[in-house]
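Right, one structure below, let's go through it.
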Amino acid sequence: MAEIKLKLKKPLVFPLEAESITPDNFAGKSNDEIKKLVAYSGNEESTLGQFFNVSGKSGEKDELKIIIDGDISNVKRIGEKMTAGEIIINSDVGMHVGNEMSGGKITVNGNADDWAGAMMKGGELEINGDAGNYVGAAYRGYWKGMKNGIIKVKGKVGVESMLWADGSVPAKRFPTLICGSAGSFLGIHNNGGTIIVEGDIDRCAGADQIKGMIVVKGTAPKILPSFKKIGEVKEIELLNGEKITGKFIEYAGDHSVKKNHSVVDKKTGELNKGVNGRLYIAA
Amino acid sequence: MAIKKIKTLYDVICPFCGTLCDDVEVDIAENKVVEVRNACQIGTKKFFSSNPSEHRYETPMIRKKGKLEPASWEEAIDKAADILTKAKRPLLYGFSSTECEAQSKGVELAEMLGGILDNTASVCHGPSLLAKQDVGQPGSTLGEFKNRADLVIFWGSNPVHAHPRHLGRYSEFVRGYFRKDGRNDRTIVVVDPRNTHTAQIADLYIQVKPNEDYELLNAIRALLRGVELDVEEVSGVPMDQIKELVNTLKTCNFGVIFFGMGLTQSLSHHRNIDAAICLTRELNDHTKFLITPMRGHYNVAGANQVFSWNTGYAYSIDFSKGYPRYNPGEFSAVEVLIKNQIDASLIVASDPASNFPAASARNLFKYPLIVIDPHETPTSANADIVLPAAIAGIEAEGTAYRMDNVPLRLRKVKDAPGESISDKEILEKLIEKVKEKRGE
């Protein structure tokens, strides 16, 4: 397997925008060509070679592994729009890591800043620390966020993670977030995303959720008033067919959303629980 | 005592809050404001603040050996342009208390420098703009509300203190075309954690727990769709009262929600507005309903307009790649300052040192700081260069946008003291000097 190693030369003064660090861009290039790829610091256009030592040998993008060392907590947009290959980051990483990626894998052996995996279309993003706000979220003004792929965060994710997640069972798109714990407004405007939280969540989870699933194995401080309790379950079938066992209380919602299919039947006066979103909290 | 020759100006626009009252009368004698009629207390004070005082800068100032010393325009502009051209990540911030022509010069300068451009909306109604980008906003001009609204809701806003003449001109006491009996033809609802003076003149006051507006909006939306809720109270408001409110909302002829900092700067920020806008949209299934933010600075709406038509974005703009990019939280002034990511700043008509978190203000003072301001402020007192400005709307003409995005022409009622010139002229001088230094 081809491997390229990047090592940061010296600490950064300003954030470095390095969307050129992807297996797609590195594939088939010599180390000198990689050094000439564009990066931006402050208002200056510069090159990767000015900031990183490059070693190893490149190859096909599917086979290529990029390993990054040094404190790159201020380097943004690593793995933007990547389609294949692998990136391993042995440090904390800056904003927008793996945003809009559609294939391949990124592993962060540290914490990630905001917008990790924003608007992902596929692939896998694994963060072995905490992640900032807006994990797997839609960018400002977009109504369709993460479409497919999986984000795994060992620690906590910040607020408004999986904002406007956009999954579809018929199209077999299952945007998924698995995390240790989560901040407020988890899965807000969720439209078909799957979120599994191993620990606790904060307030307003699933706000404005149209469809999708949020499974919380820990506790929730308060559930929005517009969520209706359905009952207790011992097994949950996720949207992609996988199953989770354990005792959970099942809620349907968010019933405040007009687009929601959970309309009140005018004849019977009963709430049609239909295909709307679900929130499961460990019993 | 000799009688002074008094000149009276009518229909002057008050450059203080977003209400932009356009019926102010100002008496001027010997280039001093001697009397202001029709304006509220805050507006009156602003007109009087233009008179000579020890707080007013009359010449450019440059910090020499730790002390601000008077200097010539030539020297001050040269030094300021030098700082800005050398900077790799300059921050340009403020702009909400000046006129649109100066704001557009600010955009031009920021683009030339490849800097970060932000206005005070980012610590004020920025969340409203974020929500608007997510879910849209049904609004209208204030005249519509005046003539038609029979239900007025103030949510997290206190116009009695913040927009004193709003109630009398547009929303509460004023007689409208279809609301001939003024106050008696309108129902006023106030939702606020505090029993404010606005709440005290309301027909229905709903005391919501601090930071729990989102849950209340959420419950109202669900009830509006006919969903029975399992809870007895939401955010400290009993279910009976919420149902009463929902009924009031549904049965009015024309309703409006005016919201303020109580929604945008409490815990859920833009999500409060998101929910309030969705509620407004859904209320239009039952009756006519609109929603409008209570903008603070008189021309912050203009700053958003000018930035938008120049760059496509209303605030928090980064030009470092040569083209505008937008992301509050990444390129907003408070964030870049807290993260210590700038190396120079130009503050126009604003006082971030008084309003930003201490950590941001500390980093602001670490790097060269240029301030364009008529008055001494905590920011300008720590500046390296101060460029004295004429007060827009009092000593300089220009355009300003009211809170409902109606542009009005500001007037010049007196001359600026000393060597002060308008914000627009200062920015033009800076742009010219920067071009010269770059050999363009």
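Identifiers in the structure tokens: chain A, B, ... in order shown; residue index from 1 per chain; ligand index from 1 in order shown.
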Original post:
Within 10 Å of B:Ala29, counting only C-alpha atoms, which residues qualify if same-chain residues fewer than 3 places away don't, as a list in words?
Top reply: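 Residues meeting the cut-off are Lys4, Lys5, Ile6, Lys7, Thr8, Lys32, Val33, Val34, Glu35 and Lys414 of chain B.
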Output as a tab-separated table one row per residue of chain A within 9 Å of chain B: the closest atom pair and its distance in Å to one decimal place, counting only C-alpha atoms, sorted by chain and residue number ascending.
residue	atom	partner	partner_atom	distance
A:Val13	CA	B:Gln341	CA	7.4
A:Phe14	CA	B:Gln341	CA	5.6
A:Pro15	CA	B:Gln341	CA	7.2
A:Tyr40	CA	B:Lys321	CA	7.3
A:Ser41	CA	B:Ser320	CA	8.2
A:Gly42	CA	B:Arg89	CA	5.0
A:Asn43	CA	B:Ser320	CA	4.2
A:Glu44	CA	B:Lys88	CA	7.2
A:Glu45	CA	B:Lys321	CA	7.6
A:Met95	CA	B:Glu330	CA	8.5
A:Asp114	CA	B:Glu330	CA	8.9
A:Tyr139	CA	B:Asn327	CA	8.6
A:Arg140	CA	B:Gln133	CA	7.0
A:Gly141	CA	B:Gln133	CA	4.7
A:Tyr142	CA	B:Asp134	CA	6.8
A:Trp143	CA	B:Asp134	CA	6.9
A:Ser184	CA	B:Ser268	CA	8.8
A:Phe185	CA	B:Ser268	CA	8.7
A:Cys204	CA	B:Glu215	CA	7.8
A:Ala207	CA	B:Asn218	CA	8.3
A:Asp208	CA	B:Ala275	CA	8.5
A:Leu224	CA	B:Glu215	CA	6.2
A:Pro225	CA	B:Ala219	CA	5.7
A:Ser226	CA	B:Ala222	CA	5.8
A:Phe227	CA	B:Leu229	CA	8.2
A:Lys228	CA	B:Asp230	CA	7.2
A:Lys229	CA	B:Asp230	CA	8.4
A:Asp254	CA	B:Ala222	CA	8.4
A:His255	CA	B:Ala222	CA	5.6
A:Ser256	CA	B:Ala222	CA	4.0
A:Val257	CA	B:Ala222	CA	7.5
A:Lys258	CA	B:Glu282	CA	7.2
A:Val263	CA	B:Arg225	CA	7.9
A:Val264	CA	B:Gly226	CA	6.7
A:Leu271	CA	B:Val227	CA	7.5
Subject >> Which of B:Met239, B:Ala303, B:Val160, B:Val36 sits closest to B:Pro407 [using only C-alpha atoms] >> reply: B:Ala303
